[in-house]
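Q: This is run_12.txt (compact mmCIF, C-alpha atoms and all ligand atoms).
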# COMPACT_ATOMS: atom_id res chain seq x y z
CA MET A 351 -11.01 -33.13 -2.54
CA HIS A 352 -10.54 -35.09 0.70
CA PHE A 353 -7.21 -36.90 1.00
CA LEU A 354 -8.05 -37.93 4.57
CA PRO A 355 -10.94 -40.29 5.35
CA GLU A 356 -14.05 -38.09 5.77
CA GLU A 357 -14.41 -38.79 9.49
CA LEU A 358 -10.85 -37.70 10.19
CA ASP A 359 -11.24 -34.70 7.90
CA ASP A 360 -14.34 -33.63 9.89
CA TYR A 361 -12.37 -34.00 13.11
CA VAL A 362 -9.55 -31.81 11.76
CA VAL A 363 -12.04 -29.10 10.79
CA ALA A 364 -13.92 -29.34 14.11
CA HIS A 365 -10.68 -28.78 16.02
CA SER A 366 -9.52 -25.81 13.96
CA GLU A 367 -10.54 -22.17 14.13
CA ALA A 368 -14.11 -21.49 12.94
CA GLU A 369 -14.82 -19.60 9.71
CA PRO A 370 -15.70 -15.91 10.29
CA GLU A 371 -19.33 -14.90 9.60
CA LEU A 372 -18.41 -12.57 6.69
CA LEU A 373 -16.69 -15.43 4.88
CA GLN A 374 -19.76 -17.64 5.41
CA GLN A 375 -21.87 -14.91 3.76
CA LEU A 376 -19.38 -14.57 0.90
CA THR A 377 -19.47 -18.34 0.35
CA ARG A 378 -23.29 -18.44 0.32
CA GLU A 379 -23.49 -15.62 -2.23
CA THR A 380 -20.73 -17.16 -4.37
CA TYR A 381 -22.71 -20.42 -4.53
CA GLN A 382 -25.91 -18.52 -5.41
CA LYS A 383 -24.52 -16.20 -8.08
CA ILE A 384 -21.13 -17.21 -9.44
CA LEU A 385 -20.10 -20.00 -11.82
CA GLN A 386 -17.67 -22.64 -10.52
CA PRO A 387 -18.00 -21.87 -6.78
CA ILE A 388 -15.77 -24.89 -6.15
CA MET A 389 -12.84 -22.51 -6.86
CA LEU A 390 -13.29 -20.95 -3.39
CA SER A 391 -10.47 -21.77 -0.98
CA GLY A 392 -13.03 -22.98 1.59
CA PRO A 393 -13.21 -22.80 5.41
CA TYR A 394 -10.35 -25.07 6.46
CA GLN A 395 -7.80 -23.91 3.88
CA GLY A 396 -8.94 -20.38 4.58
CA ARG A 397 -8.01 -20.75 8.25
CA VAL A 398 -4.63 -22.18 7.21
CA LEU A 399 -3.99 -19.17 4.95
CA SER A 400 -5.04 -16.82 7.72
CA MET A 401 -2.72 -18.54 10.22
CA ILE A 402 0.28 -18.47 7.87
CA SER A 403 -0.34 -14.81 7.15
CA LYS A 404 -0.62 -14.01 10.87
CA LEU A 405 2.64 -15.87 11.55
CA LYS A 406 4.43 -13.94 8.80
CA HIS A 407 2.67 -10.62 9.60
CA PRO A 408 3.46 -9.29 6.09
CA LYS A 409 3.56 -5.67 5.03
CA THR A 410 2.85 -6.58 1.41
CA ILE A 411 0.91 -9.50 -0.06
CA LEU A 412 0.28 -10.44 -3.69
CA GLU A 413 -2.47 -12.84 -4.72
CA LEU A 414 -2.77 -14.28 -8.25
CA GLY A 415 -6.41 -15.31 -8.84
CA THR A 416 -8.85 -13.38 -6.65
CA PHE A 417 -12.09 -15.15 -7.68
CA THR A 418 -14.71 -13.84 -5.17
CA GLY A 419 -12.11 -12.68 -2.65
CA TYR A 420 -12.30 -15.47 -0.08
CA ALA A 421 -8.56 -16.08 0.21
CA THR A 422 -7.83 -12.35 -0.12
CA LEU A 423 -9.79 -11.72 3.07
CA CYS A 424 -8.15 -14.68 4.86
CA LEU A 425 -4.66 -13.44 3.95
CA ALA A 426 -5.57 -9.85 4.87
CA GLU A 427 -6.22 -10.99 8.47
CA GLY A 428 -2.44 -11.26 9.00
CA LEU A 429 -1.49 -7.97 7.36
CA HIS A 430 0.62 -5.43 9.20
CA LYS A 431 -1.60 -2.49 10.23
CA ASP A 432 -0.03 -0.33 7.49
CA GLY A 433 0.18 -3.23 5.05
CA GLU A 434 -1.46 -3.80 1.70
CA ILE A 435 -2.62 -6.73 -0.37
CA HIS A 436 -2.67 -6.63 -4.17
CA THR A 437 -4.87 -9.18 -5.87
CA ILE A 438 -5.14 -9.89 -9.60
CA ASP A 439 -7.96 -11.50 -11.57
CA ILE A 440 -8.68 -11.61 -15.28
CA ASN A 441 -12.47 -11.88 -14.89
CA GLU A 442 -14.06 -8.42 -14.83
CA GLU A 443 -17.46 -9.85 -13.83
CA LEU A 444 -16.08 -10.60 -10.37
CA GLU A 445 -14.77 -7.12 -9.58
CA GLU A 446 -17.92 -5.62 -8.04
CA PHE A 447 -18.64 -8.74 -6.00
CA GLN A 448 -15.10 -8.73 -4.60
CA ARG A 449 -15.23 -5.02 -3.70
CA LYS A 450 -18.56 -5.41 -1.91
CA TYR A 451 -17.05 -7.98 0.45
CA PHE A 452 -13.70 -6.21 0.78
CA ASP A 453 -15.56 -3.07 1.90
CA LYS A 454 -17.70 -5.04 4.36
CA SER A 455 -14.48 -6.19 6.02
CA GLU A 456 -12.11 -4.12 8.12
CA TYR A 457 -9.41 -4.47 5.42
CA GLY A 458 -11.17 -2.77 2.49
CA HIS A 459 -8.76 0.20 2.43
CA GLN A 460 -5.77 -2.18 2.36
CA ILE A 461 -6.97 -4.29 -0.58
CA PHE A 462 -6.02 -3.26 -4.14
CA GLN A 463 -7.72 -5.07 -7.03
CA HIS A 464 -6.00 -5.42 -10.40
CA LEU A 465 -8.08 -6.48 -13.39
CA GLY A 466 -6.34 -8.33 -16.21
CA ASP A 467 -3.92 -11.09 -17.09
CA ALA A 468 -1.51 -11.66 -14.21
CA LEU A 469 1.30 -12.27 -16.74
CA GLU A 470 0.93 -8.66 -17.91
CA ILE A 471 0.17 -7.05 -14.56
CA ILE A 472 2.93 -8.55 -12.39
CA PRO A 473 5.81 -6.87 -14.31
CA LYS A 474 4.05 -3.50 -13.88
CA LEU A 475 3.79 -3.81 -10.08
CA ASN A 476 6.57 -1.66 -8.78
CA LYS A 477 6.68 -3.38 -5.38
CA THR A 478 8.23 -6.24 -3.48
CA PHE A 479 6.21 -8.70 -1.39
CA ASP A 480 6.51 -10.62 1.88
CA LEU A 481 3.85 -13.18 0.95
CA ILE A 482 2.61 -14.32 -2.46
CA PHE A 483 -0.34 -16.66 -3.03
CA ILE A 484 -0.40 -18.34 -6.47
CA ASP A 485 -3.92 -19.56 -7.27
CA ALA A 486 -4.66 -18.59 -10.91
CA ASP A 487 -4.49 -20.71 -14.10
CA LYS A 488 -2.29 -23.80 -13.59
CA PRO A 489 -0.57 -23.78 -17.03
CA ASN A 490 1.07 -20.47 -16.07
CA TYR A 491 2.32 -21.43 -12.59
CA VAL A 492 5.94 -21.80 -13.82
CA ASN A 493 5.71 -18.45 -15.63
CA TYR A 494 4.28 -16.82 -12.51
CA PHE A 495 7.14 -18.19 -10.42
CA HIS A 496 9.74 -16.66 -12.76
CA LEU A 497 7.90 -13.33 -12.71
CA ILE A 498 7.49 -13.09 -8.95
CA ILE A 499 10.68 -14.58 -7.53
CA ASP A 500 12.66 -11.32 -7.79
CA LYS A 501 9.71 -9.43 -6.28
CA LEU A 502 9.70 -11.69 -3.22
CA ASN A 503 11.61 -10.24 -0.28
CA PRO A 504 14.31 -12.36 1.44
CA GLY A 505 12.54 -14.58 3.98
CA GLY A 506 9.33 -14.09 2.00
CA ILE A 507 6.84 -16.87 1.40
CA ILE A 508 5.17 -18.26 -1.71
CA LEU A 509 1.98 -20.27 -1.16
CA SER A 510 0.92 -22.33 -4.17
CA ASP A 511 -2.53 -23.90 -4.37
CA ASN A 512 -3.78 -27.08 -6.09
CA VAL A 513 -0.33 -28.66 -6.31
CA LEU A 514 -1.76 -32.20 -5.94
CA TRP A 515 -4.25 -31.46 -8.73
CA HIS A 516 -6.96 -33.87 -7.53
CA GLY A 517 -4.31 -36.59 -7.08
CA LYS A 518 -3.43 -36.57 -10.81
CA VAL A 519 0.23 -35.81 -10.03
CA VAL A 520 0.78 -39.51 -9.18
CA GLU A 521 -1.34 -40.99 -11.98
CA PRO A 522 -0.04 -41.94 -15.46
CA LEU A 523 0.17 -38.70 -17.45
CA ASP A 524 -2.24 -38.25 -20.37
CA PRO A 525 -0.12 -36.36 -22.99
CA LYS A 526 -3.16 -34.16 -23.79
CA ASP A 527 -3.54 -33.08 -20.15
CA ALA A 528 -1.62 -29.77 -20.16
CA SER A 529 -2.72 -28.75 -16.65
CA THR A 530 -1.36 -31.86 -14.93
CA LYS A 531 1.91 -31.55 -16.87
CA ALA A 532 2.13 -27.91 -15.78
CA VAL A 533 1.57 -28.79 -12.11
CA LEU A 534 4.21 -31.56 -12.30
CA ASP A 535 6.73 -29.13 -13.85
CA TYR A 536 5.90 -26.54 -11.23
CA ASN A 537 6.31 -28.90 -8.27
CA LYS A 538 9.71 -29.99 -9.66
CA LEU A 539 10.76 -26.36 -10.05
CA LEU A 540 9.81 -25.52 -6.45
CA LYS A 541 11.71 -28.53 -5.15
CA GLU A 542 14.86 -27.77 -7.18
CA ASP A 543 15.16 -23.98 -7.26
CA PRO A 544 18.13 -23.06 -5.00
CA ARG A 545 16.63 -19.69 -4.00
CA ILE A 546 13.85 -21.26 -1.94
CA GLU A 547 13.12 -24.09 0.50
CA THR A 548 9.84 -25.89 0.03
CA VAL A 549 7.40 -28.10 1.90
CA LEU A 550 4.34 -29.51 0.14
CA LEU A 551 1.43 -29.76 2.57
CA PRO A 552 -1.36 -32.29 1.80
CA ILE A 553 -4.04 -29.74 2.65
CA ARG A 554 -7.21 -29.88 0.54
CA ASP A 555 -5.94 -30.06 -3.09
CA GLY A 556 -2.33 -29.55 -1.98
CA LEU A 557 -0.78 -26.33 -0.73
CA THR A 558 2.96 -25.74 -1.03
CA ILE A 559 4.80 -23.34 1.22
CA SER A 560 8.13 -22.08 -0.11
CA ARG A 561 10.40 -19.69 1.73
CA LYS A 562 13.01 -17.55 0.00
CA HIS A 563 16.46 -17.82 1.54
CA ILE A 564 17.67 -14.75 3.37
CA VAL A 565 21.18 -14.74 1.81
C1 LIG A 601 -9.08 -20.94 -8.16
S1 LIG A 601 -9.69 -19.36 -8.54
C2 LIG A 601 -9.00 -18.38 -7.25
C3 LIG A 601 -9.63 -18.68 -5.90
C4 LIG A 601 -9.32 -17.69 -4.81
N1 LIG A 601 -7.88 -17.43 -4.69
C5 LIG A 601 -9.85 -18.23 -3.49
O1 LIG A 601 -9.06 -18.87 -2.79
O2 LIG A 601 -11.04 -18.08 -3.20
C6 LIG A 601 -8.72 -18.89 -9.92
C7 LIG A 601 -8.97 -17.47 -10.43
O3 LIG A 601 -7.88 -17.17 -11.34
C8 LIG A 601 -8.38 -16.30 -12.32
N2 LIG A 601 -7.45 -16.35 -13.48
C9 LIG A 601 -7.33 -17.34 -14.40
N3 LIG A 601 -6.38 -17.03 -15.29
C10 LIG A 601 -5.88 -15.82 -14.92
C11 LIG A 601 -4.88 -14.96 -15.44
N4 LIG A 601 -4.17 -15.28 -16.53
N5 LIG A 601 -4.62 -13.80 -14.80
C12 LIG A 601 -5.32 -13.46 -13.68
N6 LIG A 601 -6.30 -14.23 -13.15
C13 LIG A 601 -6.57 -15.40 -13.75
C14 LIG A 601 -9.79 -16.83 -12.62
O4 LIG A 601 -10.60 -15.80 -13.18
C15 LIG A 601 -10.26 -17.28 -11.22
O5 LIG A 601 -11.06 -16.30 -10.61
For the file at hand, write its structure as C-alpha cells.
Ligand SMILES: C[S@@+](CC[C@H](N)C(=O)[O-])C[C@H]1O[C@@H](n2cnc3c(N)ncnc32)[C@H](O)[C@@H]1O

A:
Amino acid sequence: MHFLPEELDDYVVAHSEAEPELLQQLTRETYQKILQPIMLSGPYQGRVLSMISKLKHPKTILELGTFTGYATLCLAEGLHKDGEIHTIDINEELEEFQRKYFDKSEYGHQIFQHLGDALEIIPKLNKTFDLIFIDADKPNYVNYFHLIIDKLNPGGIILSDNVLWHGKVVEPLDPKDASTKAVLDYNKLLKEDPRIETVLLPIRDGLTISRKHIV
C-alpha cells in the first residue's frame, strides 16, 4: 500500500539504500512458488528494518512470522557478530525455502527457525531479546505483546508491522472485521503501556517502533 503519492514514493525508494541481490532472488522465487507473495516485507521496508537493526546492533532478535525469510535476512544484517536471530512460523511448507536462503547468506549459522504456533513457542524460548519483530497473524498481536514484553531487554525494541492495516484503522469499524479490531486494540496498547515509548511510522502498511524503558 502506498500512503505517499506514487511519484514521491518512487523518489523515497530511489534515494534509499538498494536491495541486496540475494533478497532480489528470494523475492523472485517467492513470487514464482509461494502463495500470497504480497506478505513479503519488500525492498524499502526491508532497508528500514536493516537500518534499525544496524543502529541497535542486537545480540538477540526474535521474529514472529518468518514467511520466506525476507525480513529475517534484513534484520540479521545488524546482528552482533556472535548474535542470533530466532524466527517462528506456523507454516511447515516454508521451512525448506527459508533455510535455502538463510544458508546462501552469511548469517545462516546465526538463524534459528522454529516451526509452530508462536503462542506456544514463545513461552518455551528461554532467552531475552534486544529486538523483536511482530509480523504474524494480526488477531494475536495483543497476545504476542503480553508474551514477549518480559523477554525484551531494557532498551530493547519492538517493531510491529501492518499497524495501519491498509488504512482501515481510520475507517468506520465493521463489527465482523476481527483483524481491524485487533490492530486498533494493539495500537492503543502500544500507546498506553507504561513500560514502552512508541512512535508509529507511516512506512508501507505502517510500522511501529516501541522502545522498552531502561528503568
Ligand atoms: C506477513 S507474513 C510474514 C512476513 C515476513 N516477516 C517478511 O517480512 O517477509 C506472516 C507469517 O506469519 C505466519 N503465521 C501466521 N500465524 C502464525 C502463528 N500463530 N504462529 C506463527 N506464525 C504464524 C504465516 O504463516 C506467515 O508466513

Q: Give me, please, the distance in Å between atom CA of A:Gly556 and atom CA of A:Asp511, quoted to one decimal.

A: 6.1 Å

Q: Give me, please, the distance in Å between atom O1 of ligand LIG 601 (chain A) and atom CA of A:Gly396, quoted to one decimal.

A: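 Between atom O1 of ligand LIG 601 (chain A) and atom CA of A:Gly396 the gap is 7.5 Å.
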
Q: Using 9 Å as the limit and counting all atoms listed in the file, can you tabulate each residue of stretch 480-521 of chain A that touches stretch 414-422 of chain A, with its shortest atom-to-atom distance in Å and the two atoms involved, as a Markdown table?

A:
| residue | atom | partner | partner_atom | distance |
| --- | --- | --- | --- | --- |
| A:Ile482 | CA | A:Leu414 | CA | 7.9 |
| A:Phe483 | CA | A:Leu414 | CA | 6.2 |
| A:Ile484 | CA | A:Leu414 | CA | 5.0 |
| A:Asp485 | CA | A:Gly415 | CA | 5.2 |
| A:Ala486 | CA | A:Gly415 | CA | 4.3 |
| A:Asp487 | CA | A:Gly415 | CA | 7.8 |
| A:Tyr494 | CA | A:Leu414 | CA | 8.6 |

Q: Which distance in Å separates atom CA of A:Thr410 and atom CA of A:Thr478, to one decimal?

A: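 One can read the atom CA of A:Thr410 to atom CA of A:Thr478 distance as 7.3 Å.
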
Q: Determine, counting only C-alpha atoms, which protein, DNA and RNA residues have an atom within 9 Å of an atom of A:Tyr536; residues of the same chain fewer than 6 positions away are not included. Present the result as a list in words.

A: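 Listed by chain and then number, they are Lys488, Tyr491, Val492, Phe495 and Val513 of chain A.
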
Q: Would you mind telling me which residue in A:Val363, A:Ile499, A:Ala426, A:Ala368 lies nearest to A:Ser400 when using all atoms listed in the file?

A: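 Closest residue, counting all atoms listed in the file: A:Ala426.
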
Q: Which centre and which edge lengths, in Å to one decimal, describe the axis-aligned box that holds all listed atoms of stretch 531-539 of chain A after 3 Å is added on each side, as JSON?

A:
{"center_x": 6.2, "center_y": -29.0, "center_z": -12.6, "size_x": 15.2, "size_y": 11.2, "size_z": 14.6}

Q: Which residues are near stretch 372-380 of chain A? Cut-off 10 Å, all atoms listed in the file, ignore same chain within fewer than 2 positions. Put them as a list of chain:residue names.

A: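 Contacts, in chain order: A:Glu369, A:Pro370, A:Gln382, A:Lys383, A:Ile384, A:Leu385, A:Gln386, A:Pro387, A:Ile388, A:Met389, A:Leu390, A:Ser391, A:Gly392, A:Pro393, A:Gly396, A:Phe417, A:Thr418, A:Gly419, A:Tyr420, A:Ala421, A:Leu423, A:Cys424, A:Phe447, A:Gln448, A:Lys450, A:Tyr451, A:Phe452, A:Lys454, A:Ser455.
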
Q: Please determine, counting only C-alpha atoms and all ligand atoms, which residue among A:His464, A:Lys526, A:Arg449, A:Lys406 has the shortest atom-to-atom distance to ligand LIG 601 (chain A).

A: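 The shortest atom-to-atom distance to ligand LIG 601 (chain A) comes from A:His464.
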
Q: I'd like the neighbourhood of A:Ile411 as a list in words, where a residue qualifies if any of its atoms comes within 10 Å (using only C-alpha atoms), though same-chain residues fewer than 2 positions away should be ignored.

A: Ser403, His407, Pro408, Lys409, Glu413, Thr422, Leu425, Ala426, Gly428, Leu429, Gly433, Glu434, Ile435, His436, Thr437, Ile461, Lys477, Thr478, Phe479, Asp480, Leu481, Ile482, Phe483, Leu502, Gly506, Ile507 and Ile508 of chain A

Q: Contacts of stretch 545-547 of chain A at 8 Å or less, counting all atoms listed in the file, minus same-chain residues fewer than 5 places along, as a PyMOL selection string?

A: chain A and resi 540+560-563

Q: Save out the residues we just selected, C-alpha atoms, as a CSV table (one decimal), in the coordinates of the input.

A:
chain,number,residue,atom,x,y,z
A,540,LEU,CA,9.8,-25.5,-6.4
A,560,SER,CA,8.1,-22.1,-0.1
A,561,ARG,CA,10.4,-19.7,1.7
A,562,LYS,CA,13.0,-17.6,0.0
A,563,HIS,CA,16.5,-17.8,1.5

Q: Kindly indicate which residue among A:Leu354, A:Ile438, A:Ala364, A:Leu405 lies nearest to ligand LIG 601 (chain A), using all atoms listed in the file for the distances.

A: A:Ile438

Q: List every protein, DNA or RNA residue that has at least one atom no more than 9 Å from (19.4, -10.8, 2.8) in the file's coordinates, counting all atoms listed in the file, and write the result as a PyMOL selection string.

A: chain A and resi 503-505+563-565

Q: With C-alpha atoms retained, write the just-selected residues as a short mmCIF file (atom, residue, chain, number, x, y, z; two decimals), in the frame of the given file.

A:
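The resulting again.cif:
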data_model
loop_
_atom_site.label_atom_id
_atom_site.label_comp_id
_atom_site.auth_asym_id
_atom_site.auth_seq_id
_atom_site.Cartn_x
_atom_site.Cartn_y
_atom_site.Cartn_z
CA ASN A 503 11.61 -10.24 -0.28
CA PRO A 504 14.31 -12.36 1.44
CA GLY A 505 12.54 -14.58 3.98
CA HIS A 563 16.46 -17.82 1.54
CA ILE A 564 17.67 -14.75 3.37
CA VAL A 565 21.18 -14.74 1.81
#

Q: Given the choices A:Leu358, A:Ile498, A:Ile402, A:Leu534, which gets closest to A:Leu469 if the distance is worked out from all atoms listed in the file?

A: A:Ile498

Q: Could you check which of A:Val549, A:Asn512, A:Asp360, A:His430 is closest to ligand LIG 601 (chain A), using all atoms listed in the file?

A: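 So, comparing all the options, the nearest one is A:Asn512.
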
Q: What's around A:Val362 at 12 Å? Count all atoms listed in the file, leave out sequence neighbours fewer than 3 positions away in its own chain, and write the answer as a PyMOL selection string.

A: chain A and resi 352+354-359+365-368+393-395+397-398+553-554

Q: Taking into account only C-alpha atoms and all ligand atoms, which residue in the set A:Asp543, A:Asp555, A:Asp535, A:Glu521 is nearest to ligand LIG 601 (chain A)?

A: A:Asp555
